[in-house]
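Peer 1: The structure that follows is given in the form of structure tokens.
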Amino acid sequence: MISRIDLRGDSLPEGGALRDLLPRAEFDVAAALDKVRPICEDVHHRGTAALIDYAEKFDGVKLDRVRVPAEALAKALAELDPEVRAALEESIRRARIVHREQRRAPHTTQVVPGGTVTEKWVPVERVGLYAPGGRSVYPSSVIMNAVPAQEAGVESMALASPPQKEFDGLPHPTILAACALLGIDEVYAVGGAQAVAMFAYGTPGPDGCAPANMVTGPGNIWVAAAKRYFTGRIGIDAEAGPTEIAILADDTADPAHVASDLISQAEHDPMAAAVLVTDSIALADAVEKELEPQVAATKHIEDRIKPALAGRQSAIVLVDGLEEGLRVVDAYGAEHLEIQTADATAVAGRVKNAGAIFIGPWAPVSLGDYCAGSNHVLPTGGCACHSSGLSVQSFLRGIHIVDYTRDALADVAHHVVTLAEAEDLPAHGAAIKARFEWKVPGQEVTGTK
């Protein structure tokens, strides 16, 4: 059901050579660009008419409009199962606790007497949020995108999610209910690359969508490709690839827990990655034994879980010891990394590359997906070596404010002129000289013109 990669015996290679030995899903965003380009430009030229046509082509629904009416949002919330509502409200509450603490305050640094640099943080003005609606419904992704944006102070936000044939062309009602709980009243029944194009270009008309400065949220390869297409025109969170879990475990781990956590990630998608890194043959054998009955007892077996576990992106990786295991998980850079070892807290503290780390047997990835308070929009495909998950900071821009007096500028003027001339940019230096009676360049600055 799941393959093994044996890295024991020989010393592990460095850097990219080690990454190349590890399992990873094929996810060719560049190849998808050619297919999304005409879709995006069609939305640019035809606006809502193009969105309606693509809803029929890709989602099998005929729409009269793509803007979800306010009464549909209210109805979805009113009809939401009370237990689901309570769970969503608790998820929102915990996410707000964590994300509210992330907001940075302005800070002023006195560089020299009379010279200060202040950094202030300004939220993005308008954000487009994307909530997938393919194999599964993800109201949790609505929360994970909206809460940090709201806590950052974003004033305008809209959400897009694919229209569903079984719900009269509206997004899934649980998505709509989550929007209502969060106070998001601008929602569009639009999916895929065309949703990103709608946010990037905007669409005219009374039910049109104003252009956004930024688009966030997970999606399929077409969403990722559209984000790449519009990079530079809009800000993005990341080009989300297939979801992944890595578990670093030793012989203290419970194989039933490990197997259940691997399966929990595999049920997302047939391309989902499930990776166990261990120095214990006994644990590897026990986990493989546990997988069989647990997979048989769950849902989505043939269309998601079995293909995911059997795919090239999933494996049990055998290593000589904990040190080698840490090198492997750092090279892998997992979206979700569980540490199920002795002294798991100390081991987790040594990890350098991971989207989020889950410590010990009582912090499974599922907790982070819904109710830990952390964000589940995380870097995939090894991007955790250079990128972070979604946070309040994702929606803030740091702006430096420079405030110097005449004396403070005079004190450093000769250095500025020297560096300008060293870079063969004399006009830069002239902009300094113009403010003073420049008597001995590089030594003396007096008077004011």
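Chain labels follow the order of the structure tokens: the first chain is A, the next B, and so on; residue numbering restarts at 1 in every chain, and ligands are counted from 1 in their shown order.
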Can you tell me, as an NGL selection string, which residues in stretch 229-398 of chain A count as helix (DSSP H, G or I) by DSSP?
Peer 2: :A and (229-230 or 255-266 or 281-296 or 301-310 or 322-332 or 344-348 or 365-370 or 383-385 or 392-395)
Peer 1: Any idea what's packed within 9 Å of A:Arg312, counting only C-alpha atoms, ignoring anything in its chain fewer than 6 positions away? Could you give it as a PyMOL selection string?
Peer 2: chain A and resi 3+23-26+271+273
Peer 1: Please produce an output containing C-alpha atoms for each residue in the selection, written as a PDB file, in the first residue's frame.
Peer 2:
ATOM      1  CA  SER A   3       6.506   2.068  -0.523  1.00  0.00           C
ATOM      2  CA  PRO A  23       9.038  11.361  -2.367  1.00  0.00           C
ATOM      3  CA  ARG A  24       7.201  14.271  -3.931  1.00  0.00           C
ATOM      4  CA  ALA A  25       4.107  14.665  -6.099  1.00  0.00           C
ATOM      5  CA  GLU A  26       4.456  15.848  -9.681  1.00  0.00           C
ATOM      6  CA  MET A 271      -1.986  13.364  -5.075  1.00  0.00           C
ATOM      7  CA  ALA A 273       1.576  13.036   0.227  1.00  0.00           C
TER       8      ALA A 273
END
Peer 1: Can you list, as number ranges by chain, every protein, DNA or RNA residue that comes within 9 Å of A:Val258 when you count only C-alpha atoms, leaving out same-chain residues fewer than 2 positions away?
Peer 2: A: 247, 249, 253-256, 260-263, 276, 287, 290, 340, 361
Peer 1: For A:Ser161, work out the shell of residues within 6 Å, counting only C-alpha atoms and skipping chain neighbours fewer than 6 positions away, then give it as a ChimeraX atom specification.
Peer 2: /A:131-132,171,189-191
Peer 1: Pick the closest to A:Ala408 from A:Gln265, A:Ser141, A:Thr48, A:Gln110: which is it, counting only C-alpha atoms?
Peer 2: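 Of the candidates, the smallest distance to A:Ala408 is held by A:Gln110.
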Peer 1: May I have the residues within 7 Å of stretch 87-95 of chain A as a PDB file with N, CA and C atoms, in the first residue's frame, using only C-alpha atoms and disregarding those fewer than 4 positions away in the same chain?
Peer 2:
ATOM      1  N   GLU A  83     -24.640  21.812  15.476  1.00  0.00           N
ATOM      2  CA  GLU A  83     -23.338  21.319  15.915  1.00  0.00           C
ATOM      3  C   GLU A  83     -22.228  21.815  14.995  1.00  0.00           C
ATOM      4  N   HIS A  99      -4.334  34.874  15.875  1.00  0.00           N
ATOM      5  CA  HIS A  99      -3.972  35.850  14.849  1.00  0.00           C
ATOM      6  C   HIS A  99      -3.989  37.285  15.363  1.00  0.00           C
ATOM      7  N   ILE A 143     -12.373  30.262   7.035  1.00  0.00           N
ATOM      8  CA  ILE A 143     -11.930  30.813   8.320  1.00  0.00           C
ATOM      9  C   ILE A 143     -10.449  31.154   8.284  1.00  0.00           C
ATOM     10  N   VAL A 147      -9.946  35.202   8.737  1.00  0.00           N
ATOM     11  CA  VAL A 147      -9.593  35.701  10.071  1.00  0.00           C
ATOM     12  C   VAL A 147      -8.293  36.511  10.067  1.00  0.00           C
ATOM     13  N   TYR A 370      -8.486  22.506  12.020  1.00  0.00           N
ATOM     14  CA  TYR A 370      -9.761  23.060  12.451  1.00  0.00           C
ATOM     15  C   TYR A 370      -9.708  23.942  13.698  1.00  0.00           C
ATOM     16  N   CYS A 371      -9.138  23.466  14.781  1.00  0.00           N
ATOM     17  CA  CYS A 371      -9.398  24.118  16.059  1.00  0.00           C
ATOM     18  C   CYS A 371      -8.182  24.342  16.943  1.00  0.00           C
ATOM     19  N   ALA A 372      -6.967  24.278  16.413  1.00  0.00           N
ATOM     20  CA  ALA A 372      -5.806  24.573  17.251  1.00  0.00           C
ATOM     21  C   ALA A 372      -5.660  26.069  17.471  1.00  0.00           C
ATOM     22  N   GLY A 373      -6.164  26.860  16.519  1.00  0.00           N
ATOM     23  CA  GLY A 373      -5.953  28.302  16.533  1.00  0.00           C
ATOM     24  C   GLY A 373      -4.885  28.714  15.542  1.00  0.00           C
ATOM     25  N   SER A 374      -4.067  27.756  15.110  1.00  0.00           N
ATOM     26  CA  SER A 374      -3.047  28.005  14.094  1.00  0.00           C
ATOM     27  C   SER A 374      -3.706  28.097  12.725  1.00  0.00           C
TER      28      SER A 374
END
